[in-house]
file data_17.txt (compact mmCIF, C-alpha atoms)
# COMPACT_ATOMS: atom_id res chain seq x y z
CA MET A 1 55.54 54.57 25.00
CA SER A 2 55.13 52.38 28.10
CA ILE A 3 55.56 52.41 31.85
CA ASP A 4 59.30 51.92 31.34
CA ALA A 5 59.39 54.96 29.06
CA LEU A 6 57.43 56.91 31.66
CA ARG A 7 59.90 55.82 34.34
CA ASP A 8 62.70 57.10 32.11
CA LEU A 9 61.03 60.54 32.08
CA MET A 10 61.37 60.80 35.85
CA PRO A 11 64.38 62.92 36.87
CA ALA A 12 66.84 61.78 39.53
CA TYR A 13 65.03 63.66 42.29
CA ALA A 14 61.92 61.53 41.57
CA LYS A 15 63.65 58.15 41.77
CA ASP A 16 61.11 56.95 44.35
CA ILE A 17 58.25 57.72 41.94
CA SER A 18 60.02 55.80 39.18
CA LEU A 19 60.58 52.82 41.46
CA ASN A 20 56.96 52.93 42.63
CA LEU A 21 55.73 52.97 39.02
CA GLY A 22 57.75 49.84 38.36
CA SER A 23 56.63 47.98 41.46
CA LEU A 24 52.97 48.90 40.97
CA ALA A 25 53.09 47.80 37.33
CA SER A 26 54.10 44.33 38.53
CA GLU A 27 51.71 44.33 41.51
CA THR A 28 49.57 41.19 41.83
CA VAL A 29 47.08 42.26 44.52
CA LEU A 30 44.76 43.37 41.71
CA ASN A 31 44.04 41.42 38.55
CA ASP A 32 45.30 42.98 35.30
CA GLN A 33 41.99 44.63 34.44
CA GLN A 34 41.65 46.18 37.89
CA LYS A 35 45.28 47.32 37.96
CA TRP A 36 45.53 48.79 34.47
CA GLY A 37 42.07 50.30 34.75
CA CYS A 38 43.29 52.12 37.89
CA PHE A 39 46.39 53.29 36.06
CA LEU A 40 44.38 54.47 33.06
CA ALA A 41 41.58 56.17 35.02
CA SER A 42 44.18 57.89 37.19
CA ALA A 43 46.18 59.10 34.19
CA HIS A 44 43.06 60.53 32.57
CA ALA A 45 42.01 62.13 35.86
CA VAL A 46 45.24 64.13 35.95
CA GLY A 47 45.46 64.60 32.17
CA VAL A 48 49.18 65.19 31.62
CA ALA A 49 49.95 64.19 28.03
CA PRO A 50 53.13 62.07 28.36
CA VAL A 51 51.68 60.17 31.30
CA VAL A 52 48.35 59.56 29.55
CA LYS A 53 50.17 58.39 26.40
CA ALA A 54 52.51 56.03 28.26
CA ILE A 55 49.78 54.49 30.37
CA GLU A 56 47.34 54.26 27.45
CA ALA A 57 49.97 52.35 25.47
CA GLN A 58 50.65 49.93 28.31
CA ALA A 59 46.98 49.50 29.23
CA ALA A 60 46.03 48.79 25.61
CA THR A 61 48.18 45.64 25.73
CA VAL A 62 46.08 44.27 28.60
CA LEU A 63 42.62 45.87 28.61
CA SER A 64 39.77 45.22 26.20
CA PRO A 65 38.44 48.22 24.28
CA GLU A 66 35.39 48.14 26.59
CA ALA A 67 37.60 48.28 29.70
CA MET A 68 39.66 51.11 28.19
CA THR A 69 36.46 53.08 27.60
CA ALA A 70 35.14 52.30 31.08
CA ALA A 71 38.35 53.46 32.77
CA LYS A 72 38.17 56.75 30.86
CA ALA A 73 34.48 57.00 31.77
CA ALA A 74 35.40 56.61 35.45
CA ALA A 75 37.77 59.58 35.13
CA ALA A 76 35.14 61.60 33.29
CA ILE A 77 32.19 60.97 35.59
CA MET A 78 34.27 61.35 38.74
CA GLY A 79 35.68 64.60 37.33
CA MET A 80 32.13 65.91 37.54
CA ASN A 81 30.90 64.10 40.65
CA ASN A 82 33.97 64.81 42.75
CA ILE A 83 33.57 68.56 42.30
CA TYR A 84 29.83 68.49 42.94
CA TYR A 85 29.84 66.21 45.98
CA ARG A 86 33.02 67.67 47.47
CA SER A 87 31.35 71.09 47.29
CA LEU A 88 28.25 69.81 49.08
CA HIS A 89 30.45 68.21 51.72
CA LEU A 90 32.45 71.42 52.30
CA MET A 91 29.53 73.84 52.40
CA LYS A 92 28.10 74.75 55.80
CA ASN A 93 24.60 75.00 54.36
CA HIS A 94 23.43 71.38 54.20
CA GLU A 95 20.22 72.31 52.39
CA TYR A 96 22.01 71.57 49.10
CA THR A 97 22.34 67.90 50.05
CA THR A 98 18.55 67.62 50.07
CA ILE A 99 18.16 68.94 46.52
CA PRO A 100 18.44 66.37 43.69
CA ALA A 101 21.74 66.70 41.81
CA ARG A 102 20.03 66.59 38.41
CA LEU A 103 23.29 65.51 36.78
CA ARG A 104 23.40 62.59 34.36
CA MET A 105 25.36 59.66 35.80
CA ASN A 106 24.09 56.73 33.71
CA VAL A 107 27.55 55.20 33.37
CA LEU A 108 27.53 54.39 37.09
CA ALA A 109 24.67 51.94 36.56
CA ASN A 110 26.10 50.37 33.40
CA PRO A 111 29.85 50.98 33.09
CA GLY A 112 30.48 48.22 30.53
CA VAL A 113 32.79 46.26 32.88
CA ASP A 114 32.45 44.49 36.20
CA LYS A 115 30.78 46.97 38.57
CA MET A 116 33.39 46.44 41.31
CA ASP A 117 36.24 47.16 38.88
CA PHE A 118 34.52 50.43 37.98
CA GLU A 119 34.05 51.22 41.68
CA LEU A 120 37.76 50.60 42.25
CA TRP A 121 38.68 52.96 39.40
CA SER A 122 36.21 55.56 40.71
CA THR A 123 37.86 55.29 44.13
CA ALA A 124 41.29 55.97 42.61
CA VAL A 125 40.01 59.00 40.70
CA SER A 126 38.15 60.30 43.76
CA ALA A 127 41.42 60.16 45.70
CA ILE A 128 43.16 62.22 43.02
CA ASN A 129 40.33 64.73 42.99
CA GLY A 130 40.16 64.90 46.78
CA CYS A 131 36.49 64.12 47.32
CA GLY A 132 36.00 62.54 50.73
CA ALA A 133 32.29 61.96 50.17
CA CYS A 134 32.94 60.02 46.96
CA LEU A 135 35.86 58.14 48.50
CA ASP A 136 33.63 56.98 51.35
CA ALA A 137 30.79 56.04 48.99
CA HIS A 138 32.94 54.00 46.58
CA GLU A 139 35.08 52.39 49.28
CA GLY A 140 31.89 51.45 51.12
CA ALA A 141 30.45 49.79 48.03
CA LEU A 142 33.68 47.88 47.47
CA ARG A 143 33.90 46.65 51.06
CA GLN A 144 30.18 45.74 51.07
CA HIS A 145 30.89 43.46 48.09
CA GLY A 146 33.82 41.79 49.83
CA VAL A 147 36.68 43.63 48.16
CA PRO A 148 39.56 43.43 50.64
CA ALA A 149 41.23 46.53 52.07
CA THR A 150 44.51 45.54 50.38
CA GLN A 151 42.89 45.91 46.96
CA VAL A 152 41.40 49.29 47.81
CA GLN A 153 44.77 50.40 49.17
CA THR A 154 46.52 49.27 45.99
CA ALA A 155 44.12 51.38 43.91
CA LEU A 156 44.96 54.35 46.14
CA ARG A 157 48.69 53.66 45.78
CA ILE A 158 48.35 53.60 41.99
CA ALA A 159 46.40 56.87 42.04
CA SER A 160 48.98 58.57 44.23
CA VAL A 161 51.95 57.48 42.13
CA VAL A 162 50.29 58.33 38.80
CA HIS A 163 49.38 61.73 40.23
CA ALA A 164 52.95 62.33 41.39
CA ALA A 165 54.42 61.21 38.05
CA SER A 166 51.99 63.52 36.26
CA ARG A 167 52.93 66.52 38.39
CA ILE A 168 56.63 65.81 37.83
CA ALA A 169 56.16 65.43 34.07
CA ALA A 170 54.21 68.71 33.93
CA SER A 171 56.81 70.53 36.03
CA GLU A 172 59.69 69.25 33.93
CA ALA A 173 57.83 70.26 30.73
CA ALA A 174 57.35 73.75 32.16
CA LEU A 175 61.07 74.05 32.78
CA ALA A 176 61.87 72.87 29.26
CA ALA A 177 59.47 75.36 27.62

call {"tool": "encode", "arguments": {"input": "data_17.txt", "output": "structure tokens"}}
result
Amino acid sequence: MSIDALRDLMPAYAKDISLNLGSLASETVLNDQQKWGCFLASAHAVGVAPVVKAIEAQAATVLSPEAMTAAKAAAAIMGMNNIYYRSLHLMKNHEYTTIPARLRMNVLANPGVDKMDFELWSTAVSAINGCGACLDAHEGALRQHGVPATQVQTALRIASVVHAASRIAASEAALAA
């Protein structure tokens, strides 16, 4: 399976999502590792089987095994962090922000790929998971290291389209069941 196969899964009412998948797959604002890492981390963040399989297959043609693992690690660690930090952000009692999280996050210090690529993938996953605190933190780190806004925006575009394709695939599977 590939991005083209995933595009073929999109029904007529989701033509825009299909077209966006195609244009983002050929996007050149990000290098291949950054782009396919965003695709892969986003797919794993949503976790809809046909989307994960299609994007895994496409990403495996471009990414090293280390980058594949790091993109999945971004989805995993942000799956935890986004819930925790979004909760702290939403709660009126700010005392919780003064208490150490006491959650293991070692992969953030040593993701196995370029740190800014991992930050970009973490930004995409944080967008999917809706954590404003994490979005601000990762976007800030990217901008501090000179990553242009167009690259951050492209990661967000990938996240939004992968999320939409995943929701459509899940909805269509529910109708077929």

call {"tool": "residues_near_point", "arguments": {"input": "data_17.txt", "point": "(27.4, 48.2, 33.0)", "cutoff": "12 Å", "atoms": "only C-alpha atoms", "output": "MDAnalysis selection string"}}
result
chainID A and resid 66:67 69:70 73:74 105:119

call {"tool": "write_last_selection", "arguments": {"input": "data_17.txt", "atoms": "C-alpha atoms", "output": "PDB file, in the frame of the given file"}}
result
ATOM      1  CA  GLU A  66      35.390  48.140  26.590  1.00  0.00           C
ATOM      2  CA  ALA A  67      37.600  48.280  29.700  1.00  0.00           C
ATOM      3  CA  THR A  69      36.460  53.080  27.600  1.00  0.00           C
ATOM      4  CA  ALA A  70      35.140  52.300  31.080  1.00  0.00           C
ATOM      5  CA  ALA A  73      34.480  57.000  31.770  1.00  0.00           C
ATOM      6  CA  ALA A  74      35.400  56.610  35.450  1.00  0.00           C
ATOM      7  CA  MET A 105      25.360  59.660  35.800  1.00  0.00           C
ATOM      8  CA  ASN A 106      24.090  56.730  33.710  1.00  0.00           C
ATOM      9  CA  VAL A 107      27.550  55.200  33.370  1.00  0.00           C
ATOM     10  CA  LEU A 108      27.530  54.390  37.090  1.00  0.00           C
ATOM     11  CA  ALA A 109      24.670  51.940  36.560  1.00  0.00           C
ATOM     12  CA  ASN A 110      26.100  50.370  33.400  1.00  0.00           C
ATOM     13  CA  PRO A 111      29.850  50.980  33.090  1.00  0.00           C
ATOM     14  CA  GLY A 112      30.480  48.220  30.530  1.00  0.00           C
ATOM     15  CA  VAL A 113      32.790  46.260  32.880  1.00  0.00           C
ATOM     16  CA  ASP A 114      32.450  44.490  36.200  1.00  0.00           C
ATOM     17  CA  LYS A 115      30.780  46.970  38.570  1.00  0.00           C
ATOM     18  CA  MET A 116      33.390  46.440  41.310  1.00  0.00           C
ATOM     19  CA  ASP A 117      36.240  47.160  38.880  1.00  0.00           C
ATOM     20  CA  PHE A 118      34.520  50.430  37.980  1.00  0.00           C
ATOM     21  CA  GLU A 119      34.050  51.220  41.680  1.00  0.00           C
TER      22      GLU A 119
END

call {"tool": "closest_residue", "arguments": {"input": "data_17.txt", "among": "A:Gly37, A:Thr98, A:Val147, A:Arg157", "to": "A:Lys72", "atoms": "all atoms listed in the file"}}
result
A:Gly37

call {"tool": "closest_residue", "arguments": {"input": "data_17.txt", "among": "A:Ala71, A:Ala133, A:Leu6, A:Ile99", "to": "A:Ser87", "atoms": "all atoms listed in the file"}}
result
A:Ala133

call {"tool": "residues_around", "arguments": {"input": "data_17.txt", "residues": "A:Ile17", "least_positions_apart": "2", "cutoff": "12 Å", "atoms": "all atoms listed in the file", "output": "PyMOL selection string"}}
result
chain A and resi 3+6-15+19-24+157-169

call {"tool": "write_last_selection", "arguments": {"input": "data_17.txt", "atoms": "C-alpha atoms", "output": "CSV table (one decimal), keeping the file's coordinate frame"}}
result
chain,number,residue,atom,x,y,z
A,3,ILE,CA,55.6,52.4,31.8
A,6,LEU,CA,57.4,56.9,31.7
A,7,ARG,CA,59.9,55.8,34.3
A,8,ASP,CA,62.7,57.1,32.1
A,9,LEU,CA,61.0,60.5,32.1
A,10,MET,CA,61.4,60.8,35.8
A,11,PRO,CA,64.4,62.9,36.9
A,12,ALA,CA,66.8,61.8,39.5
A,13,TYR,CA,65.0,63.7,42.3
A,14,ALA,CA,61.9,61.5,41.6
A,15,LYS,CA,63.6,58.2,41.8
A,19,LEU,CA,60.6,52.8,41.5
A,20,ASN,CA,57.0,52.9,42.6
A,21,LEU,CA,55.7,53.0,39.0
A,22,GLY,CA,57.8,49.8,38.4
A,23,SER,CA,56.6,48.0,41.5
A,24,LEU,CA,53.0,48.9,41.0
A,157,ARG,CA,48.7,53.7,45.8
A,158,ILE,CA,48.4,53.6,42.0
A,159,ALA,CA,46.4,56.9,42.0
A,160,SER,CA,49.0,58.6,44.2
A,161,VAL,CA,52.0,57.5,42.1
A,162,VAL,CA,50.3,58.3,38.8
A,163,HIS,CA,49.4,61.7,40.2
A,164,ALA,CA,53.0,62.3,41.4
A,165,ALA,CA,54.4,61.2,38.0
A,166,SER,CA,52.0,63.5,36.3
A,167,ARG,CA,52.9,66.5,38.4
A,168,ILE,CA,56.6,65.8,37.8
A,169,ALA,CA,56.2,65.4,34.1

call {"tool": "closest_atom_pairs", "arguments": {"input": "data_17.txt", "of": "stretch 48-108 of chain A", "to": "stretch 31-36 of chain A", "cutoff": "10 Å", "atoms": "only C-alpha atoms", "output": "Markdown table"}}
result
| residue | atom | partner | partner_atom | distance |
| --- | --- | --- | --- | --- |
| A:Ile55 | CA | A:Trp36 | CA | 8.2 |
| A:Glu56 | CA | A:Trp36 | CA | 9.1 |
| A:Gln58 | CA | A:Trp36 | CA | 8.1 |
| A:Ala59 | CA | A:Trp36 | CA | 5.5 |
| A:Ala60 | CA | A:Trp36 | CA | 8.9 |
| A:Thr61 | CA | A:Trp36 | CA | 9.7 |
| A:Val62 | CA | A:Asp32 | CA | 6.9 |
| A:Leu63 | CA | A:Gln33 | CA | 6.0 |
| A:Ser64 | CA | A:Gln33 | CA | 8.6 |
| A:Ala67 | CA | A:Gln33 | CA | 7.4 |
| A:Met68 | CA | A:Trp36 | CA | 8.9 |
| A:Ala71 | CA | A:Trp36 | CA | 8.7 |

call {"tool": "axis_aligned_box", "arguments": {"input": "data_17.txt", "around": "stretch 15-20 of chain A", "padding_each_side": "3 Å", "output": "JSON"}}
result
{"center_x": 60.3, "center_y": 55.5, "center_z": 41.8, "size_x": 12.7, "size_y": 11.3, "size_z": 11.2}

call {"tool": "residues_around", "arguments": {"input": "data_17.txt", "residues": "A:Ser42", "least_positions_apart": "4", "cutoff": "7 Å", "atoms": "only C-alpha atoms", "output": "PyMOL selection string"}}
result
chain A and resi 38+46+75+124-125+159+162

call {"tool": "atom_distance", "arguments": {"input": "data_17.txt", "atom1": "atom CA of A:Ala141", "atom2": "atom CA of A:His94"}}
result
23.5 Å

call {"tool": "closest_residue", "arguments": {"input": "data_17.txt", "among": "A:Ala57, A:Ala25, A:Leu120, A:Met78", "to": "A:His145", "atoms": "only C-alpha atoms"}}
result
A:Leu120

call {"tool": "closest_residue", "arguments": {"input": "data_17.txt", "among": "A:Leu156, A:Leu135, A:Thr123, A:Thr150", "to": "A:Val29", "atoms": "only C-alpha atoms"}}
result
A:Thr150

call {"tool": "decode", "arguments": {"input": "data_17.txt", "residues": "stretch 36-50 of chain A", "atoms": "all heavy atoms", "output": "JSON list (two decimals), in the first residue's frame"}}
result
[["chain", "number", "residue", "atom", "x", "y", "z"],
["A", 36, "TRP", "N", 8.28, 12.74, 5.57],
["A", 36, "TRP", "CA", 7.73, 11.40, 5.80],
["A", 36, "TRP", "C", 7.68, 11.05, 7.28],
["A", 36, "TRP", "O", 6.84, 10.27, 7.72],
["A", 36, "TRP", "CB", 8.46, 10.36, 4.94],
["A", 36, "TRP", "CG", 8.04, 10.59, 3.52],
["A", 36, "TRP", "CD1", 8.78, 11.16, 2.52],
["A", 36, "TRP", "CD2", 6.74, 10.35, 2.97],
["A", 36, "TRP", "NE1", 8.01, 11.28, 1.39],
["A", 36, "TRP", "CE2", 6.76, 10.78, 1.64],
["A", 36, "TRP", "CE3", 5.57, 9.80, 3.49],
["A", 36, "TRP", "CZ2", 5.65, 10.70, 0.80],
["A", 36, "TRP", "CZ3", 4.46, 9.72, 2.65],
["A", 36, "TRP", "CH2", 4.50, 10.16, 1.33],
["A", 37, "GLY", "N", 8.56, 11.66, 8.07],
["A", 37, "GLY", "CA", 8.45, 11.52, 9.51],
["A", 37, "GLY", "C", 7.16, 12.15, 10.03],
["A", 37, "GLY", "O", 6.50, 11.60, 10.90],
["A", 38, "CYS", "N", 6.80, 13.32, 9.48],
["A", 38, "CYS", "CA", 5.52, 13.95, 9.85],
["A", 38, "CYS", "C", 4.35, 13.07, 9.45],
["A", 38, "CYS", "O", 3.41, 12.88, 10.23],
["A", 38, "CYS", "CB", 5.38, 15.32, 9.18],
["A", 38, "CYS", "SG", 6.27, 16.64, 10.01],
["A", 39, "PHE", "N", 4.39, 12.55, 8.24],
["A", 39, "PHE", "CA", 3.32, 11.65, 7.80],
["A", 39, "PHE", "C", 3.21, 10.45, 8.73],
["A", 39, "PHE", "O", 2.12, 10.10, 9.18],
["A", 39, "PHE", "CB", 3.59, 11.15, 6.37],
["A", 39, "PHE", "CG", 2.98, 11.97, 5.27],
["A", 39, "PHE", "CD1", 3.74, 12.85, 4.53],
["A", 39, "PHE", "CD2", 1.63, 11.84, 4.96],
["A", 39, "PHE", "CE1", 3.19, 13.59, 3.50],
["A", 39, "PHE", "CE2", 1.06, 12.58, 3.94],
["A", 39, "PHE", "CZ", 1.85, 13.47, 3.20],
["A", 40, "LEU", "N", 4.34, 9.83, 9.03],
["A", 40, "LEU", "CA", 4.33, 8.60, 9.83],
["A", 40, "LEU", "C", 3.92, 8.87, 11.28],
["A", 40, "LEU", "O", 3.08, 8.15, 11.83],
["A", 40, "LEU", "CB", 5.70, 7.93, 9.77],
["A", 40, "LEU", "CG", 5.81, 6.56, 10.42],
["A", 40, "LEU", "CD1", 4.83, 5.56, 9.80],
["A", 40, "LEU", "CD2", 7.24, 6.03, 10.29],
["A", 41, "ALA", "N", 4.48, 9.90, 11.90],
["A", 41, "ALA", "CA", 4.10, 10.24, 13.27],
["A", 41, "ALA", "C", 2.61, 10.58, 13.34],
["A", 41, "ALA", "O", 1.91, 10.14, 14.27],
["A", 41, "ALA", "CB", 4.94, 11.40, 13.78],
["A", 42, "SER", "N", 2.12, 11.30, 12.35],
["A", 42, "SER", "CA", 0.70, 11.67, 12.33],
["A", 42, "SER", "C", -0.19, 10.44, 12.17],
["A", 42, "SER", "O", -1.21, 10.31, 12.86],
["A", 42, "SER", "CB", 0.43, 12.66, 11.19],
["A", 42, "SER", "OG", 1.12, 13.87, 11.41],
["A", 43, "ALA", "N", 0.20, 9.53, 11.29],
["A", 43, "ALA", "CA", -0.60, 8.31, 11.10],
["A", 43, "ALA", "C", -0.65, 7.49, 12.38],
["A", 43, "ALA", "O", -1.71, 7.00, 12.78],
["A", 43, "ALA", "CB", -0.01, 7.48, 9.96],
["A", 44, "HIS", "N", 0.48, 7.37, 13.06],
["A", 44, "HIS", "CA", 0.50, 6.61, 14.31],
["A", 44, "HIS", "C", -0.25, 7.33, 15.42],
["A", 44, "HIS", "O", -0.81, 6.69, 16.30],
["A", 44, "HIS", "CB", 1.94, 6.27, 14.72],
["A", 44, "HIS", "CG", 2.46, 5.06, 14.02],
["A", 44, "HIS", "ND1", 2.26, 3.79, 14.50],
["A", 44, "HIS", "CD2", 3.13, 4.92, 12.85],
["A", 44, "HIS", "CE1", 2.80, 2.91, 13.67],
["A", 44, "HIS", "NE2", 3.33, 3.57, 12.66],
["A", 45, "ALA", "N", -0.27, 8.65, 15.37],
["A", 45, "ALA", "CA", -1.01, 9.41, 16.38],
["A", 45, "ALA", "C", -2.51, 9.14, 16.28],
["A", 45, "ALA", "O", -3.19, 9.07, 17.30],
["A", 45, "ALA", "CB", -0.73, 10.90, 16.23],
["A", 46, "VAL", "N", -3.01, 8.97, 15.07],
["A", 46, "VAL", "CA", -4.44, 8.72, 14.89],
["A", 46, "VAL", "C", -4.72, 7.22, 15.00],
["A", 46, "VAL", "O", -5.71, 6.82, 15.60],
["A", 46, "VAL", "CB", -4.95, 9.28, 13.55],
["A", 46, "VAL", "CG1", -6.45, 9.05, 13.40],
["A", 46, "VAL", "CG2", -4.64, 10.77, 13.44],
["A", 47, "GLY", "N", -3.86, 6.38, 14.43],
["A", 47, "GLY", "CA", -3.93, 4.94, 14.62],
["A", 47, "GLY", "C", -5.02, 4.21, 13.86],
["A", 47, "GLY", "O", -5.51, 3.18, 14.34],
["A", 48, "VAL", "N", -5.37, 4.68, 12.68],
["A", 48, "VAL", "CA", -6.37, 3.99, 11.86],
["A", 48, "VAL", "C", -5.61, 3.07, 10.89],
["A", 48, "VAL", "O", -4.79, 3.54, 10.09],
["A", 48, "VAL", "CB", -7.28, 4.99, 11.13],
["A", 48, "VAL", "CG1", -8.20, 4.30, 10.16],
["A", 48, "VAL", "CG2", -8.07, 5.81, 12.15],
["A", 49, "ALA", "N", -5.90, 1.77, 10.98],
["A", 49, "ALA", "CA", -5.09, 0.74, 10.32],
["A", 49, "ALA", "C", -4.77, 1.00, 8.85],
["A", 49, "ALA", "O", -3.58, 0.96, 8.48],
["A", 49, "ALA", "CB", -5.73, -0.63, 10.50],
["A", 50, "PRO", "N", -5.73, 1.23, 7.96],
["A", 50, "PRO", "CA", -5.34, 1.39, 6.55],
["A", 50, "PRO", "C", -4.46, 2.61, 6.30],
["A", 50, "PRO", "O", -3.60, 2.57, 5.41],
["A", 50, "PRO", "CB", -6.68, 1.51, 5.81],
["A", 50, "PRO", "CG", -7.71, 1.76, 6.83],
["A", 50, "PRO", "CD", -7.18, 1.28, 8.14]]
